[in-house]
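Shown next: query_35.cif, given as mmCIF, C-alpha atoms.
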data_upload
#
loop_
_atom_site.label_atom_id
_atom_site.label_comp_id
_atom_site.auth_asym_id
_atom_site.auth_seq_id
_atom_site.Cartn_x
_atom_site.Cartn_y
_atom_site.Cartn_z
CA MET Q 1 -2.94 -14.88 15.75
CA ARG Q 2 -1.99 -11.47 17.10
CA VAL Q 3 1.47 -10.29 15.96
CA THR Q 4 3.36 -7.53 17.79
CA LEU Q 5 6.59 -5.76 16.85
CA GLY Q 6 8.18 -3.71 19.61
CA GLY Q 7 11.11 -1.33 19.11
CA VAL Q 8 12.43 -3.22 16.08
CA ASN Q 9 15.65 -1.87 14.58
CA LYS Q 10 17.59 -3.23 11.64
CA SER Q 11 20.69 -1.93 9.87
CA PHE Q 12 22.72 -3.18 6.95
CA ALA Q 13 26.24 -1.84 7.48
CA ALA Q 14 25.79 1.94 7.90
CA ASN Q 15 22.28 1.91 6.42
CA HIS Q 16 19.70 2.12 9.22
CA ILE Q 17 16.60 0.52 7.64
CA LEU Q 18 14.11 0.04 10.51
CA LYS Q 19 14.00 2.62 13.29
CA ASP Q 20 12.25 1.73 16.56
CA LEU Q 21 9.34 0.15 14.70
CA ASP Q 22 6.21 -0.56 16.78
CA LEU Q 23 3.34 -2.36 15.07
CA THR Q 24 0.47 -4.63 16.06
CA PHE Q 25 -1.52 -6.89 13.73
CA ASP Q 26 -4.74 -8.27 15.22
CA ALA Q 27 -5.79 -11.89 14.79
CA GLY Q 28 -7.44 -12.50 11.42
CA GLU Q 29 -6.67 -8.98 10.19
CA PHE Q 30 -5.40 -8.14 6.71
CA VAL Q 31 -2.83 -5.33 6.99
CA THR Q 32 -0.81 -3.85 4.14
CA LEU Q 33 2.58 -2.19 4.53
CA LEU Q 34 2.57 0.52 1.87
CA GLY Q 35 5.44 2.74 0.84
CA PRO Q 36 8.13 3.48 -1.74
CA SER Q 37 11.17 1.31 -2.39
CA GLY Q 38 13.66 1.49 0.46
CA CYS Q 39 11.15 2.48 3.17
CA GLY Q 40 11.66 -0.79 5.11
CA LYS Q 41 8.44 -2.66 4.38
CA THR Q 42 10.07 -5.82 2.94
CA THR Q 43 12.72 -5.82 5.68
CA THR Q 44 9.89 -5.73 8.24
CA LEU Q 45 8.29 -8.74 6.59
CA ARG Q 46 11.57 -10.65 6.46
CA CYS Q 47 12.16 -9.99 10.15
CA VAL Q 48 8.74 -11.49 10.96
CA ALA Q 49 9.48 -14.49 8.73
CA GLY Q 50 12.91 -15.06 10.27
CA LEU Q 51 14.81 -14.37 7.06
CA GLU Q 52 16.48 -11.39 8.76
CA ASN Q 53 17.34 -10.92 12.44
CA PRO Q 54 16.65 -7.48 13.96
CA ASP Q 55 19.47 -5.71 15.77
CA ALA Q 56 17.09 -4.69 18.56
CA GLY Q 57 13.48 -5.17 19.58
CA SER Q 58 11.02 -8.03 19.89
CA ILE Q 59 8.49 -9.86 17.72
CA THR Q 60 5.75 -12.06 19.18
CA ALA Q 61 3.04 -14.08 17.42
CA GLY Q 62 0.27 -15.31 19.68
CA ASP Q 63 1.99 -16.83 22.70
CA ARG Q 64 5.23 -17.52 20.83
CA VAL Q 65 8.30 -15.30 20.89
CA PHE Q 66 9.82 -15.06 17.42
CA VAL Q 67 12.46 -12.51 18.39
CA ASP Q 68 13.88 -11.12 21.60
CA ALA Q 69 17.02 -9.33 20.48
CA SER Q 70 17.95 -8.34 24.05
CA GLU Q 71 18.27 -12.06 24.86
CA HIS Q 72 19.80 -12.93 21.47
CA SER Q 73 16.79 -15.20 20.93
CA PHE Q 74 15.74 -15.76 17.31
CA LEU Q 75 13.33 -18.60 16.52
CA PRO Q 76 14.46 -20.34 13.28
CA PRO Q 77 12.21 -19.69 10.25
CA HIS Q 78 11.01 -23.30 9.89
CA LYS Q 79 9.78 -23.29 13.50
CA ARG Q 80 7.70 -20.14 13.10
CA ARG Q 81 5.06 -21.92 10.95
CA VAL Q 82 4.60 -18.86 8.77
CA GLY Q 83 3.25 -18.99 5.22
CA MET Q 84 5.04 -16.69 2.78
CA VAL Q 85 4.39 -15.77 -0.85
CA PHE Q 86 7.30 -14.16 -2.67
CA GLN Q 87 7.37 -11.73 -5.58
CA SER Q 88 9.29 -14.28 -7.68
CA TYR Q 89 7.00 -17.23 -6.65
CA ALA Q 90 10.19 -19.18 -5.66
CA LEU Q 91 8.85 -22.54 -6.88
CA TRP Q 92 11.23 -25.48 -7.15
CA PRO Q 93 11.55 -26.10 -10.93
CA HIS Q 94 12.35 -29.81 -10.54
CA MET Q 95 9.27 -30.48 -8.37
CA THR Q 96 5.67 -30.95 -9.44
CA VAL Q 97 2.91 -28.68 -8.17
CA ARG Q 98 1.98 -31.31 -5.58
CA SER Q 99 5.59 -31.66 -4.38
CA ASN Q 100 6.10 -27.89 -4.17
CA VAL Q 101 3.05 -27.51 -1.94
CA ALA Q 102 3.98 -30.53 0.19
CA TYR Q 103 7.59 -29.43 0.73
CA PRO Q 104 7.11 -27.20 3.82
CA LEU Q 105 4.96 -29.86 5.50
CA LYS Q 106 7.63 -32.49 4.95
CA ARG Q 107 10.20 -30.15 6.49
CA GLN Q 108 7.91 -29.88 9.51
CA LYS Q 109 7.86 -33.72 9.61
CA VAL Q 110 4.08 -33.89 9.24
CA ALA Q 111 2.78 -37.44 8.84
CA ARG Q 112 2.40 -38.57 5.22
CA PRO Q 113 -1.42 -39.10 5.28
CA GLU Q 114 -1.84 -35.60 6.78
CA VAL Q 115 0.46 -34.11 4.13
CA LYS Q 116 -1.61 -35.71 1.38
CA ARG Q 117 -4.90 -34.49 2.86
CA ARG Q 118 -3.75 -30.90 3.42
CA VAL Q 119 -2.12 -30.62 -0.01
CA GLN Q 120 -5.28 -31.86 -1.74
CA GLU Q 121 -7.50 -29.49 0.24
CA THR Q 122 -5.28 -26.48 -0.40
CA LEU Q 123 -4.84 -27.16 -4.12
CA ALA Q 124 -8.63 -27.46 -4.37
CA ALA Q 125 -9.01 -24.13 -2.54
CA VAL Q 126 -6.83 -22.34 -5.12
CA GLY Q 127 -8.31 -24.26 -8.10
CA MET Q 128 -5.09 -26.08 -9.01
CA GLN Q 129 -5.95 -29.71 -8.20
CA ALA Q 130 -6.17 -30.57 -11.91
CA HIS Q 131 -2.56 -29.42 -12.38
CA ALA Q 132 -1.04 -31.23 -9.40
CA ASP Q 133 1.35 -33.31 -11.53
CA ARG Q 134 2.62 -30.48 -13.71
CA TYR Q 135 5.92 -28.68 -13.30
CA PRO Q 136 6.26 -24.90 -12.86
CA HIS Q 137 7.51 -24.32 -16.44
CA GLU Q 138 4.25 -25.89 -17.70
CA LEU Q 139 2.14 -23.28 -15.91
CA SER Q 140 1.14 -19.70 -16.72
CA GLY Q 141 2.19 -16.84 -14.45
CA GLY Q 142 -1.22 -16.78 -12.78
CA GLN Q 143 -1.13 -20.55 -12.20
CA GLN Q 144 2.35 -20.31 -10.70
CA GLN Q 145 1.09 -17.62 -8.36
CA ARG Q 146 -1.76 -19.89 -7.26
CA VAL Q 147 0.74 -22.64 -6.47
CA ALA Q 148 2.82 -20.17 -4.46
CA LEU Q 149 -0.35 -19.19 -2.57
CA ALA Q 150 -1.17 -22.83 -1.89
CA ARG Q 151 2.33 -23.53 -0.58
CA GLY Q 152 2.11 -20.54 1.75
CA LEU Q 153 -1.36 -21.45 2.98
CA VAL Q 154 -0.55 -25.09 3.65
CA SER Q 155 2.34 -24.16 5.93
CA ALA Q 156 0.77 -21.15 7.67
CA GLY Q 157 0.09 -21.62 11.35
CA GLY Q 158 -2.27 -18.66 11.44
CA LEU Q 159 0.09 -16.14 9.82
CA MET Q 160 0.52 -15.35 6.12
CA LEU Q 161 3.13 -12.98 4.67
CA PHE Q 162 2.98 -11.55 1.15
CA ASP Q 163 5.96 -9.77 -0.44
CA GLU Q 164 4.63 -7.88 -3.50
CA PRO Q 165 3.17 -11.13 -4.88
CA LEU Q 166 1.30 -9.57 -7.82
CA SER Q 167 3.93 -7.25 -9.24
CA ASN Q 168 4.96 -9.69 -12.01
CA LEU Q 169 1.42 -10.12 -13.36
CA ASP Q 170 -0.38 -8.07 -16.01
CA THR Q 171 -3.10 -5.65 -14.97
CA LYS Q 172 -6.10 -7.91 -15.66
CA LEU Q 173 -4.57 -10.94 -13.93
CA ARG Q 174 -3.40 -8.81 -11.02
CA THR Q 175 -6.97 -7.68 -10.39
CA ALA Q 176 -8.25 -11.28 -10.58
CA MET Q 177 -5.57 -12.53 -8.16
CA ARG Q 178 -6.36 -9.70 -5.77
CA THR Q 179 -9.89 -11.04 -5.51
CA GLU Q 180 -8.52 -14.55 -5.04
CA ILE Q 181 -6.24 -13.45 -2.19
CA GLN Q 182 -9.20 -11.78 -0.47
CA ARG Q 183 -11.29 -14.94 -0.83
CA LEU Q 184 -8.54 -17.18 0.57
CA HIS Q 185 -7.89 -14.81 3.45
CA LYS Q 186 -11.54 -15.04 4.48
CA LYS Q 187 -11.64 -18.82 3.97
CA PHE Q 188 -8.55 -19.64 6.04
CA GLY Q 189 -8.80 -16.79 8.58
CA ASN Q 190 -5.06 -16.18 8.86
CA THR Q 191 -3.54 -12.93 10.03
CA SER Q 192 -2.16 -11.52 6.77
CA ILE Q 193 0.66 -8.99 6.36
CA TYR Q 194 1.00 -7.77 2.79
CA VAL Q 195 3.77 -5.62 1.29
CA THR Q 196 3.21 -3.42 -1.78
CA HIS Q 197 4.06 -0.03 -3.25
CA ASP Q 198 0.75 -0.03 -5.19
CA GLN Q 199 -1.81 2.10 -3.33
CA GLU Q 200 -4.77 0.69 -5.30
CA GLU Q 201 -3.76 -2.82 -4.26
CA ALA Q 202 -3.42 -1.75 -0.64
CA LEU Q 203 -6.80 -0.02 -0.55
CA ALA Q 204 -8.60 -2.93 -2.22
CA LEU Q 205 -7.23 -5.67 0.02
CA SER Q 206 -6.76 -4.25 3.49
CA ASP Q 207 -8.56 -3.89 6.78
CA ARG Q 208 -5.82 -1.42 7.72
CA VAL Q 209 -3.02 0.26 5.80
CA VAL Q 210 0.37 1.16 7.31
CA ILE Q 211 2.22 3.85 5.35
CA MET Q 212 5.96 3.56 5.93
CA ASN Q 213 8.56 6.22 5.33
CA ALA Q 214 12.32 5.85 5.88
CA GLY Q 215 12.01 2.95 8.32
CA ARG Q 216 9.22 4.43 10.42
CA VAL Q 217 5.43 4.34 10.47
CA ASP Q 218 4.06 7.53 8.95
CA GLN Q 219 0.34 6.76 9.23
CA VAL Q 220 -1.94 3.85 10.15
CA GLY Q 221 -5.63 3.74 9.30
CA SER Q 222 -8.47 2.17 7.38
CA PRO Q 223 -8.21 2.33 3.58
CA GLU Q 224 -10.88 5.03 3.56
CA THR Q 225 -9.05 7.17 6.13
CA VAL Q 226 -5.64 6.84 4.52
CA HIS Q 227 -7.06 7.67 1.10
CA SER Q 228 -9.17 10.67 2.09
CA GLU Q 229 -7.47 11.99 5.25
CA PRO Q 230 -3.68 11.68 4.92
CA GLY Q 231 -1.86 12.74 8.05
CA SER Q 232 1.30 14.17 6.49
CA ARG Q 233 2.67 15.65 3.29
CA PHE Q 234 4.47 12.39 2.61
CA ALA Q 235 1.26 10.36 2.99
CA ALA Q 236 -0.76 12.82 0.90
CA ASP Q 237 1.77 12.69 -1.92
CA PHE Q 238 1.98 8.91 -1.79
CA VAL Q 239 -1.77 8.30 -1.94
CA GLY Q 240 -2.23 10.59 -4.91
CA PHE Q 241 -2.89 14.16 -3.77
CA GLU Q 242 -1.24 15.83 -6.74
CA ASN Q 243 -1.48 19.32 -5.24
CA ILE Q 244 0.29 20.18 -1.97
CA LEU Q 245 0.66 23.91 -1.34
CA GLU Q 246 2.41 25.47 1.65
CA CYS Q 247 0.77 28.18 3.71
CA GLN Q 248 2.90 31.33 3.62
CA SER Q 249 0.77 33.53 5.86
CA LEU Q 250 -2.60 33.75 7.62
CA ASP Q 251 -4.56 36.99 8.06
CA SER Q 252 -6.95 37.97 10.84
CA ALA Q 253 -9.96 36.80 8.81
CA GLY Q 254 -8.54 33.28 8.62
CA ILE Q 255 -7.60 33.51 4.95
CA ALA Q 256 -4.35 31.69 4.17
CA THR Q 257 -2.02 32.81 1.41
CA LEU Q 258 -0.50 29.76 -0.31
CA ASP Q 259 2.36 29.15 -2.73
CA GLY Q 260 1.97 31.19 -5.91
CA GLY Q 261 -0.32 33.73 -4.21
CA LEU Q 262 -3.42 31.49 -4.16
CA GLN Q 263 -5.72 32.10 -1.20
CA PHE Q 264 -7.57 29.51 0.89
CA ARG Q 265 -10.59 30.16 3.11
CA ALA Q 266 -11.31 27.07 5.24
CA GLY Q 267 -15.00 27.54 6.03
CA GLY Q 268 -17.28 24.98 7.68
CA GLU Q 269 -15.56 22.60 10.10
CA ARG Q 270 -12.23 22.72 8.27
CA SER Q 271 -9.41 24.19 10.31
CA SER Q 272 -7.23 26.87 8.77
CA PRO Q 273 -3.61 26.07 8.03
CA THR Q 274 -0.89 27.95 9.86
CA PRO Q 275 2.29 29.35 8.32
CA GLY Q 276 4.57 26.40 7.58
CA SER Q 277 1.73 23.89 7.31
CA ALA Q 278 0.16 22.94 3.97
CA ILE Q 279 -3.08 22.10 2.22
CA ALA Q 280 -3.62 19.26 -0.25
CA PHE Q 281 -6.25 18.44 -2.86
CA ARG Q 282 -6.63 16.05 -5.76
CA GLY Q 283 -6.56 17.10 -9.40
CA LYS Q 284 -9.99 15.56 -9.99
CA ASN Q 285 -11.49 18.03 -7.49
CA VAL Q 286 -10.35 21.11 -9.41
CA ARG Q 287 -13.53 22.42 -11.04
CA PRO Q 288 -13.75 24.69 -14.08
CA GLY Q 289 -15.27 28.16 -13.94
CA LYS Q 290 -16.13 30.42 -11.05
CA ILE Q 291 -17.46 28.23 -8.22
CA ASP Q 292 -19.84 29.69 -5.63
CA GLY Q 293 -18.39 29.27 -2.15
CA ALA Q 294 -15.07 27.93 -3.40
CA ALA Q 295 -12.37 27.66 -0.72
CA ILE Q 296 -9.73 28.31 -3.38
CA ALA Q 297 -10.50 30.32 -6.51
CA GLY Q 298 -7.99 31.20 -9.17
CA ARG Q 299 -7.14 31.60 -12.81
CA GLY Q 300 -4.49 29.73 -14.74
CA VAL Q 301 -3.09 28.94 -18.16
CA ILE Q 302 -3.52 25.35 -19.34
CA ARG Q 303 -0.17 23.59 -19.82
CA ASP Q 304 0.93 20.03 -20.71
CA SER Q 305 -2.44 18.44 -21.48
CA THR Q 306 -2.20 14.65 -21.67
CA TYR Q 307 -4.80 12.04 -22.59
CA VAL Q 308 -4.49 8.94 -20.33
CA GLY Q 309 -7.48 6.85 -21.39
CA GLU Q 310 -10.24 7.62 -18.89
CA GLN Q 311 -9.22 11.20 -18.26
CA TRP Q 312 -7.25 14.21 -19.36
CA THR Q 313 -4.57 15.64 -17.10
CA ALA Q 314 -2.92 19.06 -17.24
CA ASN Q 315 -1.29 21.79 -15.18
CA LEU Q 316 -2.84 25.20 -14.62
CA GLU Q 317 -0.13 27.83 -14.28
CA THR Q 318 -1.29 30.73 -12.11
CA PRO Q 319 -0.06 34.35 -12.44
CA GLY Q 320 1.96 33.84 -9.24
CA GLY Q 321 3.77 30.84 -10.69
CA ALA Q 322 1.93 28.01 -8.91
CA LEU Q 323 1.20 24.85 -10.92
CA VAL Q 324 -2.16 23.26 -10.11
CA ALA Q 325 -2.55 19.69 -11.38
CA VAL Q 326 -5.96 18.95 -12.90
CA ALA Q 327 -7.66 15.70 -13.97
CA VAL Q 328 -11.03 15.60 -15.74
CA PRO Q 329 -13.02 12.67 -17.21
CA ALA Q 330 -12.36 12.23 -20.91
CA GLY Q 331 -16.03 11.82 -21.75
CA GLY Q 332 -17.52 14.43 -19.44
CA GLU Q 333 -17.51 18.19 -19.29
CA ARG Q 334 -14.02 18.99 -20.50
CA PHE Q 335 -12.02 22.16 -20.19
CA ILE Q 336 -8.63 20.75 -21.04
CA GLY Q 337 -7.22 18.91 -24.03
CA ARG Q 338 -4.29 19.38 -26.38
CA GLU Q 339 -6.18 22.01 -28.32
CA GLY Q 340 -6.67 23.96 -25.08
CA ASP Q 341 -3.01 24.41 -24.12
CA GLY Q 342 -2.27 28.11 -23.67
CA THR Q 343 -5.88 28.96 -22.82
CA THR Q 344 -6.60 30.91 -19.62
CA VAL Q 345 -9.40 29.46 -17.47
CA ASP Q 346 -10.98 30.10 -14.08
CA PHE Q 347 -11.04 27.27 -11.54
CA GLY Q 348 -12.13 26.55 -8.00
CA ILE Q 349 -11.80 23.94 -5.23
CA ARG Q 350 -14.43 23.39 -2.55
CA ALA Q 351 -13.47 23.28 1.15
CA ASP Q 352 -14.64 19.68 1.56
CA ASP Q 353 -12.09 18.61 -1.06
CA VAL Q 354 -9.14 20.14 0.80
CA VAL Q 355 -7.06 18.49 3.53
CA VAL Q 356 -4.99 20.57 5.96
CA LEU Q 357 -1.57 19.02 6.69
CA GLU Q 358 0.26 20.06 9.84
CA ARG Q 359 3.35 17.98 9.09
#
Could you write out this structure as structure tokens?
Amino acid sequence: MRVTLGGVNKSFAANHILKDLDLTFDAGEFVTLLGPSGCGKTTTLRCVAGLENPDAGSITAGDRVFVDASEHSFLPPHKRRVGMVFQSYALWPHMTVRSNVAYPLKRQKVARPEVKRRVQETLAAVGMQAHADRYPHELSGGQQQRVALARGLVSAGGLMLFDEPLSNLDTKLRTAMRTEIQRLHKKFGNTSIYVTHDQEEALALSDRVVIMNAGRVDQVGSPETVHSEPGSRFAADFVGFENILECQSLDSAGIATLDGGLQFRAGGERSSPTPGSAIAFRGKNVRPGKIDGAAIAGRGVIRDSTYVGEQWTANLETPGGALVAVAVPAGGERFIGREGDGTTVDFGIRADDVVVLER
């Protein structure tokens, strides 16, 4: 089912949340809306589900019109046949697992034999058929999430919506459920729209990622593109480029002077930044020592070393006052550590590890 949002706007009082939002989700695609709290991703999802009505714009799903604000036409939520999984699970505490999953089908007035068949099949798909007669309080968090998935899947008419469904789970269970969501997406073939602020989750699950910022789309692309080629400073910062330095000037040889006096020579196929644009690179790509052919070479004093399990992180303070974030594997060649704070070291970054940001 292809889903299209055209010119969608939504305000709450004076707070303009969605601003002329245009998005298309292809049939069978898994797309994640990624962004910080308040960027509009959950409001977008709720508008598709019918839990909020846009002030302007249209939403279509296949050949059905969910919303045409210009005609004051808003299809009621129960007629949209959309499966939705909430952050809080939203299970009825007085109903068994079987009854929770059957509830949306009964609201749709599906025949009893068909309800029974679809509930059994869906509970089997999520591995919860043995717990069909239990109540939510008798289940673990992961089991409750499986029931919520089953309830969404059984009512989905080709479209599944996920509103940060894994945020209440611990790290190990979250990873396991991520795999389960992928498996069920492939099994049922729904178009899936998934909301999260967790970039790792978005990259692991998605065919495409939509980065949202202040009610607008900032960037759309494959997980690989969004992760390695951010299109803006906002996107670069959000997907983990710890270092974003503005270009202050550019000389005739194409050498850019950056914040703190660092210099950048693009080289290869990389374009040079222009004054007012910026370059970005990850802390893991900062290499110790003097690097042959480095696009950025500098010297800095190690500050604020921190051990975070698989790696050490620190800042390198340059003579010009720039702070360059660094991350190195804890078990590999190490040039930072608590005992190294205050030490002056050389460092370099290769051109292939740098992204030029024009906005």
Just so the selection is clear, what residues does the PyMOL selection byres ((chain Q and resi 290-303) around 9) cover here, as a PyMOL selection string? chain Q and resi 262-267+287-289+304-305+314-319+322-324+336-338+340-352+354
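Closest approach to Leu21 in chain Q from the set Q:Leu205, Q:Met1, Q:Val210, Q:Leu123 is made by Q:Val210, with distances taken over only C-alpha atoms.
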Compile the contact shell of Ser167 in chain Q as an MDAnalysis selection string: residues with an atom at most 12 Å away, counting only C-alpha atoms, same-chain residues fewer than 5 positions apart removed. chainID Q and resid 85:89 141:142 145 162 172:175 177:178 195:198 201
For the point (22.1, -7.0, 16.8) in the file's frame, write as a PyMOL selection string all residues with an atom no more than 9 Å away, counting all atoms listed in the file. chain Q and resi 9-11+53-56+69-70+72
As a check of understanding: the span from CA of Ser271 in chain Q to CA of Val356 in chain Q is 7.2 Å
Within 8 Å of range 245-253 of chain Q, counting all atoms listed in the file, which residues qualify if same-chain residues fewer than 4 places away don't, as a list of chain:residue names?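 Here the answer would be Q:Thr257, Q:Leu258, Q:Asp259, Q:Pro273, Q:Thr274, Q:Pro275, Q:Gly276, Q:Ser277, Q:Ala278, Q:Ile279, Q:Ala280.
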Write out as a compact mmCIF listing (two decimals) with C-alpha atoms, in the frame of the given file the residues lying within 12 Å of Pro104 in chain Q, counting all atoms listed in the file and excluding same-chain residues fewer than 5 positions away.
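Writing the result to selection_36.txt gives the following:
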# COMPACT_ATOMS: atom_id res chain seq x y z
CA PRO Q 77 12.21 -19.69 10.25
CA HIS Q 78 11.01 -23.30 9.89
CA LYS Q 79 9.78 -23.29 13.50
CA ARG Q 80 7.70 -20.14 13.10
CA ARG Q 81 5.06 -21.92 10.95
CA VAL Q 82 4.60 -18.86 8.77
CA GLY Q 83 3.25 -18.99 5.22
CA MET Q 84 5.04 -16.69 2.78
CA LEU Q 91 8.85 -22.54 -6.88
CA TRP Q 92 11.23 -25.48 -7.15
CA ARG Q 98 1.98 -31.31 -5.58
CA SER Q 99 5.59 -31.66 -4.38
CA LYS Q 109 7.86 -33.72 9.61
CA VAL Q 110 4.08 -33.89 9.24
CA VAL Q 115 0.46 -34.11 4.13
CA ARG Q 118 -3.75 -30.90 3.42
CA VAL Q 119 -2.12 -30.62 -0.01
CA ALA Q 148 2.82 -20.17 -4.46
CA ALA Q 150 -1.17 -22.83 -1.89
CA ARG Q 151 2.33 -23.53 -0.58
CA GLY Q 152 2.11 -20.54 1.75
CA LEU Q 153 -1.36 -21.45 2.98
CA VAL Q 154 -0.55 -25.09 3.65
CA SER Q 155 2.34 -24.16 5.93
CA ALA Q 156 0.77 -21.15 7.67
CA GLY Q 157 0.09 -21.62 11.35
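Using only C-alpha atoms, the shortest contact distance between Ser232 in chain Q and any of Q:Val328, Q:Leu166, Q:Leu105, Q:Val355 is found at Q:Val355.
In terms of minimum interatomic distance to Glu358 in chain Q, Q:Arg233 ranks closest within Q:Arg208, Q:Arg233, Q:His16, Q:His227, counting all atoms listed in the file.
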Interatomic distance (Å, one decimal) between CA of Lys41 in chain Q and CA of Lys186 in chain Q: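 CA of Lys186 in chain Q lies at a distance of 23.5 Å from CA of Lys41 in chain Q.
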Write out as a list in words the residues lying within 7 Å of Gly35 in chain Q, counting all atoms listed in the file and excluding same-chain residues fewer than 2 positions away.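 Final neighbour list, sorted by chain and number: Leu33, Ser37, Cys39, His197, Ile211, Met212 and Asn213 of chain Q.
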To one decimal in Å, tell me the separation between CA of Thr4 in chain Q and CA of Leu159 in chain Q. 12.2 Å
Which of Q:Glu180, Q:Phe30, Q:Gly215, Q:Asp207 sits closest to Thr42 in chain Q [using all atoms listed in the file]: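 The answer is Q:Gly215, which sits nearest to Thr42 in chain Q.
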Run the PyMOL selection byres ((chain Q and resi 206) around 12) mentally over the shown coordinates, then write out the matched residues as number ranges by chain, using the chain letters and numbers from the document. Q: 25, 28-34, 178-179, 181-182, 185-186, 191-196, 199-205, 207-210, 220-226
Counting only C-alpha atoms, which of Q:Ser272, Q:Gln120, Q:Asn285, Q:Ser228 gets nearest to Val147 in chain Q?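 Under the stated criterion, the closest residue is Q:Gln120.
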Listed atoms of range 119-127 of chain Q boxed axis-aligned with 6 Å per side, centre + edges as AutoDock Vina command-line options:
--center_x -5.6 --center_y -27.1 --center_z -3.9 --size_x 18.9 --size_y 21.5 --size_z 20.3
Set the distance at 12 Å and use all atoms listed in the file: which residues neighbour Val8 in chain Q once local chain neighbours fewer than 5 positions away are removed? I'd like the list as a CSV table (one decimal) with C-alpha atoms, in the frame of the given file.
chain,number,residue,atom,x,y,z
Q,16,HIS,CA,19.7,2.1,9.2
Q,17,ILE,CA,16.6,0.5,7.6
Q,18,LEU,CA,14.1,0.0,10.5
Q,19,LYS,CA,14.0,2.6,13.3
Q,20,ASP,CA,12.2,1.7,16.6
Q,21,LEU,CA,9.3,0.2,14.7
Q,22,ASP,CA,6.2,-0.6,16.8
Q,23,LEU,CA,3.3,-2.4,15.1
Q,40,GLY,CA,11.7,-0.8,5.1
Q,43,THR,CA,12.7,-5.8,5.7
Q,44,THR,CA,9.9,-5.7,8.2
Q,45,LEU,CA,8.3,-8.7,6.6
Q,47,CYS,CA,12.2,-10.0,10.2
Q,48,VAL,CA,8.7,-11.5,11.0
Q,52,GLU,CA,16.5,-11.4,8.8
Q,53,ASN,CA,17.3,-10.9,12.4
Q,54,PRO,CA,16.6,-7.5,14.0
Q,55,ASP,CA,19.5,-5.7,15.8
Q,56,ALA,CA,17.1,-4.7,18.6
Q,57,GLY,CA,13.5,-5.2,19.6
Q,58,SER,CA,11.0,-8.0,19.9
Q,59,ILE,CA,8.5,-9.9,17.7
Q,60,THR,CA,5.8,-12.1,19.2
Q,67,VAL,CA,12.5,-12.5,18.4
Q,68,ASP,CA,13.9,-11.1,21.6
Q,69,ALA,CA,17.0,-9.3,20.5
Q,70,SER,CA,18.0,-8.3,24.0
Q,215,GLY,CA,12.0,3.0,8.3
Q,216,ARG,CA,9.2,4.4,10.4
Q,217,VAL,CA,5.4,4.3,10.5
I'd like the residues picked by the PyMOL selection byres ((chain Q and resi 126) around 9) written out as a list in words, using the chain letters and numbers from the file.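 Taken over the shown coordinates, the PyMOL selection byres ((chain Q and resi 126) around 9) returns Glu121, Thr122, Leu123, Ala124, Ala125, Gly127, Met128, Gln129, Arg146, Val147, Leu149, Ala150, Glu180 and Leu184 of chain Q.
Considering all atoms listed in the file, the residue among Q:Ala327, Q:Asp218, Q:Gln311, Q:Ser73 positioned nearest to Gly240 in chain Q is Q:Ala327.
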